[in-house]
Amino acid sequence: MNGRIIRWLGALLLLSLIFWFFPPFHIIRIKSGPEERLATFNPAAFATDFWQSKLSPACELAPRLPDLLRLLIQDAAEARKQLGHSPGLGSTTLFLVQGSGRVSAVEKERIRIESESVSNTHIALVTGLIFGNAVRDATGLIDGSAFPNSQEFNEISTELNRLVETQVLPGLRQVAAPGKQIKFAGCLELEDGPLPEVIQIVPIKVEWP
Amino acid sequence: MTLLFAFGTQRASAADEKPAGTQAGDKTRIAVIISTLNNPWFVVLGDNAKARAEELGYAATVFDSQNDTAKEASHFENVIAGGYKAILFNPTDAQGSIANVRKAKEKGIPVFCIDREINATNAATAQILSDNYSGCVALGQYFVKKVGDSGNYAELLGIVGDNNTWNRSKGFHSVVDRYPGLKMVAQQSAEFDRSKGLEVMESILQAHPEIKAVFCGNDAMAMGAYQALVSAAKEKQVKVFGFDGADDAVRLIAEKKIEATGMQFPKMMARKAAEFADEYLKGKRNFQQKIPVAVELVTQENVAKYGDYGRKR
């Protein structure tokens, strides 16, 4: 009996050694799926860092709004190519601009600005809820191709819009009154075709000279 | 004897499953692998990819993955073995389809994703993707405009493994959730399927007869939901919103039976993918990895501009 047990144990040991050196299968750890990666990506931190390190400095170098409008009237394709960004295929171009003027009216969801007039176009700064990708895409500095899962890329828009609503709009709404001089930088979206009657700008920076 | 039998069985199986496209003659072959041909929208996607590839001088074959990642994998194996030189690919699963794309890449076959992405930026040669999130932001804004800023609504989700499902849902909610008076009382997947959309809507109506609106992650589910509403005589009470720009949905919008959809441009995306494959095969290598394609809102106000899976000429 003892001999038999020893033979069985010996066979088991031999089999174990064989499987140790020549495993019949491998266990491979599953790499992070989208849920796990989404859990580690911090869109709020990304948006804050982008706002401080890239967007704010870019505002200083943004084209003046009247110059952009003149170029759009003169040669829209060239204006879009030189000064705008189109992240993919579509009829929308996004621009980062700066401008100045005088508050002409404070409405429920926007502030009208009287500025250097170009072809009877009116200007307004949006003060209601902010939606869309203008803030994310106007500079062309965030590359969607760098994000394996586009949900992360989209979360950045949500967070940047939240920064506008929490960091820019409260002060703007509080101070704006008809007649006040204003300097601003912001983002706008334009569809192909003629300029709209009112150009709506999402404000990124506001100053009261 | 056992080994001979097994070998014989293997040979028979291989003969039965001879890779498609081996009879194409001198033309370079391009494969078009589509998630499902059970949905007319994807039929348009596949047909247009094939047609454009053929216009460019290639022989093209469409493969139906039937929403099954395993079947998709089998198509990839056949395509790789069958000597195809490029793949125009509509994935079944953003994560699960990555391995298939990598296999093709390892064999030097470029893969161009159409409409749906995979969660990798170093596998496919390029990915031409509808900007579902932005499309549903616009849809969400229109939803609030038409439904008002208070009331109960339901949401029908698509396939949970498809990133498009979540991009659309999140885009929609990024707007609608900003209105605390609007309450989502039900959210359930109907897997982008019309019949399931009908069943799920029937269940939701039983539990929540008071709802004012339903947002559906695609037009097939919207059509199913609308059918359920008609059967329950609630089609005037509940506003229906879809997504895709399918012909039947656009027609119902024109008839003022449903409210809106988001027009994706399957023909444009499919043709662009075929053109990219052509450019690749002629030597181009630097492609933007992810190329978003804008989605346009189709409403009862502007529906006359749309039809046939795009803008009317």
# chains A, B, ... in the order shown; residues from 1 in each chain; ligands from 1
$ residues_around --residues "range 41-49 of chain B" --least-positions-apart "5" --cutoff "6 Å" --atoms "only C-alpha atoms" --output "PyMOL selection string"
chain B and resi 266-267+270-271+274
$ write_last_selection --atoms "N, CA and C atoms" --output "PDB file, in the first residue's frame"
ATOM      1  N   PRO B 266     -24.464  57.886 -43.716  1.00  0.00           N
ATOM      2  CA  PRO B 266     -23.826  56.589 -43.980  1.00  0.00           C
ATOM      3  C   PRO B 266     -23.210  56.496 -45.363  1.00  0.00           C
ATOM      4  N   LYS B 267     -23.834  57.107 -46.339  1.00  0.00           N
ATOM      5  CA  LYS B 267     -23.286  57.019 -47.701  1.00  0.00           C
ATOM      6  C   LYS B 267     -21.935  57.728 -47.754  1.00  0.00           C
ATOM      7  N   ALA B 270     -19.289  55.712 -45.807  1.00  0.00           N
ATOM      8  CA  ALA B 270     -18.920  54.480 -46.504  1.00  0.00           C
ATOM      9  C   ALA B 270     -18.030  54.794 -47.712  1.00  0.00           C
ATOM     10  N   ARG B 271     -18.393  55.800 -48.445  1.00  0.00           N
ATOM     11  CA  ARG B 271     -17.618  56.161 -49.645  1.00  0.00           C
ATOM     12  C   ARG B 271     -16.221  56.643 -49.241  1.00  0.00           C
ATOM     13  N   ALA B 274     -13.952  53.732 -48.452  1.00  0.00           N
ATOM     14  CA  ALA B 274     -13.465  53.078 -49.675  1.00  0.00           C
ATOM     15  C   ALA B 274     -12.355  53.925 -50.313  1.00  0.00           C
TER      16      ALA B 274
END
$ residues_around --residues "Leu141 in chain A" --least-positions-apart "2" --cutoff "12 Å" --atoms "only C-alpha atoms" --output "MDAnalysis selection string"
chainID A and resid 50:51 53:55 57:58 84:87 96 135:139 143:146
$ residues_around --residues "Ala73 in chain B" --least-positions-apart "4" --cutoff "12 Å" --atoms "only C-alpha atoms" --output "list in words"
Ile33, Ile34, Ser35, Phe63, Asp64, Ser65, Gln66, Asn67, Asp68, Thr69, Glu77, Asn78, Val79, Ile80, Phe89, Pro91, Thr92, Asp93, Gly96, Ser97, Ile98, Ala99, Asn100, Val101, Arg102, Lys103 and Ala104 of chain B
$ interface_residues --of "chain B" --to "chain A" --cutoff "10 Å" --atoms "only C-alpha atoms" --output "MDAnalysis selection string"
chainID B and resid 94:96 117:122 126:138 141 161 163:164 166:168 170:171 174:175 178 268:269 288:296
$ residues_around --residues "range 147-158 of chain B" --least-positions-apart "2" --cutoff "6 Å" --atoms "only C-alpha atoms" --output "ChimeraX atom specification"
/B:143-145,165,179,181-192,211-217
$ residues_around --residues "Ile109 in chain B" --least-positions-apart "4" --cutoff "6 Å" --atoms "only C-alpha atoms" --output "mmCIF file with all heavy atoms, in the first residue's frame"
data_model
loop_
_atom_site.group_PDB
_atom_site.id
_atom_site.type_symbol
_atom_site.label_atom_id
_atom_site.label_comp_id
_atom_site.auth_asym_id
_atom_site.auth_seq_id
_atom_site.Cartn_x
_atom_site.Cartn_y
_atom_site.Cartn_z
ATOM 1 N N LYS B 85 -7.129 42.746 -49.650
ATOM 2 C CA LYS B 85 -6.049 43.701 -49.417
ATOM 3 C C LYS B 85 -6.433 44.852 -48.498
ATOM 4 O O LYS B 85 -5.576 45.616 -48.072
ATOM 5 C CB LYS B 85 -5.557 44.281 -50.763
ATOM 6 C CG LYS B 85 -4.947 43.233 -51.677
ATOM 7 C CD LYS B 85 -3.754 42.552 -51.037
ATOM 8 C CE LYS B 85 -3.097 41.584 -51.991
ATOM 9 N NZ LYS B 85 -2.085 40.754 -51.303
ATOM 10 N N ALA B 86 -7.714 45.000 -48.222
ATOM 11 C CA ALA B 86 -8.163 46.047 -47.304
ATOM 12 C C ALA B 86 -9.520 45.651 -46.750
ATOM 13 O O ALA B 86 -10.258 44.887 -47.387
ATOM 14 C CB ALA B 86 -8.247 47.402 -48.005
ATOM 15 N N ALA B 104 -5.644 41.541 -38.565
ATOM 16 C CA ALA B 104 -5.527 42.009 -39.950
ATOM 17 C C ALA B 104 -4.295 42.892 -40.100
ATOM 18 O O ALA B 104 -3.535 42.780 -41.071
ATOM 19 C CB ALA B 104 -6.790 42.784 -40.350
ATOM 20 N N LYS B 105 -4.077 43.744 -39.129
ATOM 21 C CA LYS B 105 -2.927 44.656 -39.185
ATOM 22 C C LYS B 105 -1.621 43.867 -39.218
ATOM 23 O O LYS B 105 -0.701 44.194 -39.958
ATOM 24 C CB LYS B 105 -2.959 45.588 -37.976
ATOM 25 C CG LYS B 105 -1.854 46.637 -38.015
ATOM 26 C CD LYS B 105 -1.877 47.536 -36.798
ATOM 27 C CE LYS B 105 -0.713 48.529 -36.905
ATOM 28 N NZ LYS B 105 -0.585 49.395 -35.754
#
$ select_by_dssp --residues "range 92-149 of chain A" --states "alpha helix (DSSP H)" --output "PyMOL selection string"
chain A and resi 134-137
$ residues_around --residues "Asp67 in chain A" --least-positions-apart "2" --cutoff "10 Å" --atoms "only C-alpha atoms" --output "list of chain:residue names"
A:Pro63, A:Arg64, A:Leu65, A:Leu69, A:Arg70, A:Leu71, A:Leu72, A:Ala79, A:Val97, A:Gly99, A:Glu116, A:Val118
$ residues_around --residues "range 198-209 of chain B" --least-positions-apart "3" --cutoff "6 Å" --atoms "only C-alpha atoms" --output "list in words"
Ser195, Gly224, Ala225 and Ala228 of chain B
$ write_last_selection --atoms "N, CA, C and O atoms" --output "PDB file, in the first residue's frame"
ATOM      1  N   SER B 195     -38.046  45.451 -33.440  1.00  0.00           N
ATOM      2  CA  SER B 195     -38.999  44.584 -32.708  1.00  0.00           C
ATOM      3  C   SER B 195     -38.816  44.729 -31.201  1.00  0.00           C
ATOM      4  O   SER B 195     -39.780  44.777 -30.448  1.00  0.00           O
ATOM      5  N   GLY B 224     -40.142  51.215 -33.776  1.00  0.00           N
ATOM      6  CA  GLY B 224     -40.800  50.216 -32.938  1.00  0.00           C
ATOM      7  C   GLY B 224     -41.580  50.874 -31.816  1.00  0.00           C
ATOM      8  O   GLY B 224     -42.725  50.509 -31.517  1.00  0.00           O
ATOM      9  N   ALA B 225     -40.978  51.875 -31.202  1.00  0.00           N
ATOM     10  CA  ALA B 225     -41.645  52.601 -30.122  1.00  0.00           C
ATOM     11  C   ALA B 225     -42.910  53.283 -30.632  1.00  0.00           C
ATOM     12  O   ALA B 225     -43.963  53.255 -29.972  1.00  0.00           O
ATOM     13  N   ALA B 228     -45.702  50.868 -30.988  1.00  0.00           N
ATOM     14  CA  ALA B 228     -46.294  50.553 -29.677  1.00  0.00           C
ATOM     15  C   ALA B 228     -47.234  51.666 -29.232  1.00  0.00           C
ATOM     16  O   ALA B 228     -48.304  51.418 -28.677  1.00  0.00           O
TER      17      ALA B 228
END
$ closest_residue --among "A:Ala11, A:Gln167, A:Gln82, A:Asp75" --to "Gln52 in chain A" --atoms "only C-alpha atoms"
A:Gln167
$ atom_distance --atom1 "CA of Ala76 in chain A" --atom2 "CA of Cys187 in chain A"
17.5 Å
$ atom_distance --atom1 "CA of Phe46 in chain A" --atom2 "CA of Glu159 in chain A"
8.7 Å
$ decode --residues "range 284-304 of chain B" --atoms "N, CA and C atoms" --output "short mmCIF file (atom, residue, chain, number, x, y, z; two decimals), in the first residue's frame"
data_model
loop_
_atom_site.label_atom_id
_atom_site.label_comp_id
_atom_site.auth_asym_id
_atom_site.auth_seq_id
_atom_site.Cartn_x
_atom_site.Cartn_y
_atom_site.Cartn_z
N LYS B 284 -0.42 55.85 -49.76
CA LYS B 284 -0.54 56.81 -48.65
C LYS B 284 -0.54 56.06 -47.32
N ARG B 285 0.12 56.68 -46.31
CA ARG B 285 0.17 56.02 -45.01
C ARG B 285 -0.28 56.91 -43.86
N ASN B 286 -0.23 58.22 -44.04
CA ASN B 286 -0.56 59.09 -42.90
C ASN B 286 -2.05 59.47 -42.94
N PHE B 287 -2.81 58.77 -42.15
CA PHE B 287 -4.23 59.05 -42.02
C PHE B 287 -4.51 59.55 -40.61
N GLN B 288 -5.42 60.52 -40.51
CA GLN B 288 -5.90 60.91 -39.19
C GLN B 288 -6.59 59.70 -38.60
N GLN B 289 -6.30 59.39 -37.35
CA GLN B 289 -6.84 58.17 -36.76
C GLN B 289 -8.37 58.23 -36.62
N LYS B 290 -8.86 59.28 -35.97
CA LYS B 290 -10.31 59.37 -35.78
C LYS B 290 -10.83 60.61 -36.49
N ILE B 291 -11.77 60.38 -37.37
CA ILE B 291 -12.32 61.47 -38.17
C ILE B 291 -13.81 61.58 -37.85
N PRO B 292 -14.19 62.60 -37.06
CA PRO B 292 -15.61 62.72 -36.73
C PRO B 292 -16.39 63.28 -37.93
N VAL B 293 -17.57 62.77 -38.12
CA VAL B 293 -18.45 63.26 -39.19
C VAL B 293 -19.65 63.91 -38.51
N ALA B 294 -19.91 65.15 -38.82
CA ALA B 294 -20.98 65.90 -38.14
C ALA B 294 -22.34 65.27 -38.42
N VAL B 295 -23.17 65.27 -37.41
CA VAL B 295 -24.55 64.78 -37.52
C VAL B 295 -25.47 66.00 -37.55
N GLU B 296 -26.47 66.00 -38.39
CA GLU B 296 -27.37 67.15 -38.51
C GLU B 296 -28.75 66.81 -37.96
N LEU B 297 -29.31 67.76 -37.26
CA LEU B 297 -30.63 67.57 -36.65
C LEU B 297 -31.71 67.70 -37.72
N VAL B 298 -32.58 66.72 -37.79
CA VAL B 298 -33.71 66.74 -38.73
C VAL B 298 -34.98 66.90 -37.91
N THR B 299 -35.71 67.95 -38.16
CA THR B 299 -36.92 68.25 -37.39
C THR B 299 -38.09 68.42 -38.35
N GLN B 300 -39.26 68.61 -37.79
CA GLN B 300 -40.43 68.85 -38.62
C GLN B 300 -40.28 70.16 -39.40
N GLU B 301 -39.41 71.06 -38.87
CA GLU B 301 -39.24 72.36 -39.55
C GLU B 301 -38.32 72.28 -40.76
N ASN B 302 -37.31 71.41 -40.71
CA ASN B 302 -36.33 71.40 -41.81
C ASN B 302 -36.29 70.08 -42.59
N VAL B 303 -37.26 69.20 -42.35
CA VAL B 303 -37.21 67.85 -42.91
C VAL B 303 -37.20 67.85 -44.44
N ALA B 304 -37.73 68.90 -45.04
CA ALA B 304 -37.77 68.93 -46.51
C ALA B 304 -36.38 68.90 -47.13
#
